[in-house]
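Asker: Below is one structure. I have some questions about it.
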Amino acid sequence: MSLTLPMARTQKNKATAHHLGLLKARGSGGGTGEGFDVAKTGDARVGFVGFPSVGKSTLLSNLAGVYSEVAASRVHHSNLVPGVIRYKGAKIQLLDLPGIIEGAKDGKGRGRQVIAVARTCNLILIVLDVLKPLLHKKLIEHELEGFGIRLNKQPPNIGFKKKDKGGINFTATCAQSELDAETVKSILAEYKIHNADITLRSDSTADDLIDVVEGNRVYIPCIYVLNKIDQISIEELDIIYKVPHTVPISAHHRWNFDDLLERMWDYLRLVRIYTKPKGQLPDYTSPVVLPNERTSVEDFCMKIHKNLIKEFKYALVWGSSVKHNPQKVGKDHVMEDEDVIQLVKK
């Protein structure tokens, strides 16, 4: 019996993997999950998570169908990438993350590889059925949390530095409701850390400290998409609208898609920079899109081509990041959304 089981399981894994269209030529190892990657294209990546039959695929195909660059894009991709949409000049890659089920973080199903892809997303959309949202929400959050993904949270404001000697040096710059020197010591002892500097700059919990010590957490914004609102009353809809991070939609009827896209745009916090060739008008059709935390002139140059910065002399910038238009700036100048830039080479 024990001989046949693993064999059957590998066969089954291969079959399911094949069914998902995720096995590339090299990834022939049954459950190893090789080849389960998606090339990161576009300016941002949005992952859709949800139980089967909540209308996730309808939502994706309708979104990709309405706003897609290439309507026929579904033919070329594996099941994971339904499409790339263009919104406010940015290319946003939509990923369907299949099979995040109970026990994914323990390696059941192909959940682990899926969650590994989820960790690289800039935004996660959890698709829920409006008639039974809370149970699903809890289960999915639990799975993602277990994989080190923190939704709609900021990284804890804790300074942590390992040392070679000197014991645990504990400082708190504000009142702590949960942690004290002893608790911190015992948590660190669990990780066999006996020499470190710990600075608590905000009221932190034990979980926050563990997140910082383990250091493999990713902080991703998240929107809860409540689908099938055609099945509830207006009064219920009003209540849903008051829940934070939530957008009610109907994927089937394509209701409220514009609200969803607007909310996605807010959470992605992308910055659009328009280029202006010398002596011409700015090109407003195809902005260079940068993530919110990296918007200096140097980042802009690196996004276009890495050799550009070598030839860079200075830049002229128009927009809200400068005091007068145009302003001559160096490579460290930080730009804001919808600035216009003209590069001057050596």
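The chains in the structure tokens are called A, B, ... from first to last as shown; in each chain the residues are counted from 1, and the ligands are counted from 1 in the order shown.
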Pick out the residues sitting within 10 Å of Thr205 in chain A, and hand them over as an mmCIF file with C-alpha atoms, in the first residue's frame; count only C-alpha atoms, and ignore anything fewer than 6 positions along from it in its own chain.
Answerer:
```cif
data_model
loop_
_atom_site.group_PDB
_atom_site.id
_atom_site.type_symbol
_atom_site.label_atom_id
_atom_site.label_comp_id
_atom_site.auth_asym_id
_atom_site.auth_seq_id
_atom_site.Cartn_x
_atom_site.Cartn_y
_atom_site.Cartn_z
ATOM 1 C CA PRO A 156 6.103 47.588 13.051
ATOM 2 C CA GLN A 176 4.102 49.747 26.199
ATOM 3 C CA SER A 177 0.901 47.905 27.002
ATOM 4 C CA GLU A 178 2.189 44.407 26.282
ATOM 5 C CA LEU A 179 5.969 44.150 26.016
ATOM 6 C CA ASP A 211 7.547 39.652 12.660
#
```
Asker: Sorted by chain and rising residue number, which residues of range 208-312 of chain A lie within 12 Å of range 48-57 of chain A, and what are their closest atom pairs and distances in Å to one decimal, counting only C-alpha atoms, as JSON lines?
Answerer:
```
{"residue": "A:Cys222", "atom": "CA", "partner": "A:Phe48", "partner_atom": "CA", "distance": 10.0}
{"residue": "A:Ile223", "atom": "CA", "partner": "A:Phe48", "partner_atom": "CA", "distance": 9.8}
{"residue": "A:Tyr224", "atom": "CA", "partner": "A:Val49", "partner_atom": "CA", "distance": 9.7}
{"residue": "A:Val225", "atom": "CA", "partner": "A:Phe48", "partner_atom": "CA", "distance": 9.5}
{"residue": "A:Leu226", "atom": "CA", "partner": "A:Val54", "partner_atom": "CA", "distance": 9.1}
{"residue": "A:Asn227", "atom": "CA", "partner": "A:Gly55", "partner_atom": "CA", "distance": 6.9}
{"residue": "A:Lys228", "atom": "CA", "partner": "A:Gly55", "partner_atom": "CA", "distance": 7.9}
{"residue": "A:Ile229", "atom": "CA", "partner": "A:Gly55", "partner_atom": "CA", "distance": 11.5}
{"residue": "A:Ile249", "atom": "CA", "partner": "A:Gly55", "partner_atom": "CA", "distance": 10.6}
{"residue": "A:Ser250", "atom": "CA", "partner": "A:Gly55", "partner_atom": "CA", "distance": 8.8}
{"residue": "A:Ala251", "atom": "CA", "partner": "A:Gly55", "partner_atom": "CA", "distance": 6.8}
{"residue": "A:His252", "atom": "CA", "partner": "A:Gly55", "partner_atom": "CA", "distance": 7.9}
{"residue": "A:His253", "atom": "CA", "partner": "A:Gly55", "partner_atom": "CA", "distance": 11.4}
{"residue": "A:Arg254", "atom": "CA", "partner": "A:Gly55", "partner_atom": "CA", "distance": 11.6}
{"residue": "A:Met264", "atom": "CA", "partner": "A:Phe48", "partner_atom": "CA", "distance": 11.9}
```
Asker: Could you please determine the separation between CA of Glu293 in chain A and CA of Asp207 in chain A in Å, to one decimal place?
Answerer: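 A separation of 25.8 Å between them.
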Asker: As a list in words, please: the residues near Lys313 in chain A (cut-off 6 Å, only C-alpha atoms, same-chain neighbours under 4 positions excluded).
Answerer: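 Near Lys313 in chain A, the qualifying residues are Val344, Lys345 and Lys346 of chain A.
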Asker: Excluding Gly148 in chain A and its own-chain neighbours fewer than 2 positions away, which residues fall within 12 Å of it when counting only C-alpha atoms? Please give them as a list in words.
Answerer: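 Contacts, in chain order: Lys105, Arg112, Ile115, Ala116, Ala118, Arg119, Thr120, Glu141, His142, Glu143, Leu144, Glu145, Gly146, Arg150, Leu151, Pro155, Asp207, Asp208, Ile210, Asp211, Val212, Glu214, Gly215, Asn216, Arg217, Val218, Tyr219 and Ile220 of chain A.
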Asker: If DSSP is run on the backbone, what residues of range 145-185 of chain A are helix (DSSP H, G or I)? A reply as JSON, numbers by chain would be ideal.
Answerer: {"A": [145, 146, 181, 182, 183, 184, 185]}
Asker: Please, what distance in Å, to one decimal, runs between CA of Asn325 in chain A and CA of Lys278 in chain A?
Answerer: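 For CA of Asn325 in chain A relative to CA of Lys278 in chain A, the distance reads 15.1 Å.
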Asker: Neighbouring residues of Glu298 in chain A were defined as those with any atom within 9 Å, considering only C-alpha atoms; residues of the same chain fewer than 2 positions away were excluded. Please report them as a ChimeraX atom specification.
Answerer: /A:295-296,300-303,309,330-334
Asker: With C-alpha atoms kept, could you save the residues just selected as a PDB file, in the first residue's frame?
Answerer:
```
ATOM      1  CA  THR A 295      10.369  58.399  -7.659  1.00  0.00           C
ATOM      2  CA  SER A 296      13.690  60.247  -7.909  1.00  0.00           C
ATOM      3  CA  PHE A 300      13.199  57.385 -13.569  1.00  0.00           C
ATOM      4  CA  CYS A 301      16.393  56.993 -15.596  1.00  0.00           C
ATOM      5  CA  MET A 302      16.946  53.436 -14.343  1.00  0.00           C
ATOM      6  CA  LYS A 303      13.402  52.492 -15.323  1.00  0.00           C
ATOM      7  CA  ILE A 309      22.229  57.768 -15.774  1.00  0.00           C
ATOM      8  CA  GLY A 330      19.805  66.858 -10.283  1.00  0.00           C
ATOM      9  CA  LYS A 331      19.409  63.103 -10.129  1.00  0.00           C
ATOM     10  CA  ASP A 332      18.315  63.060  -6.467  1.00  0.00           C
ATOM     11  CA  HIS A 333      15.249  65.241  -7.016  1.00  0.00           C
ATOM     12  CA  VAL A 334      12.051  63.422  -5.984  1.00  0.00           C
TER      13      VAL A 334
END
```
Asker: Go through A:Val84, A:Asn152, A:Asp164, A:Asp203 and flag the residue nearest Pro244 in chain A, using only C-alpha atoms for the distances.
Answerer: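 With only C-alpha atoms as the atom set, the closest residue is A:Asn152.
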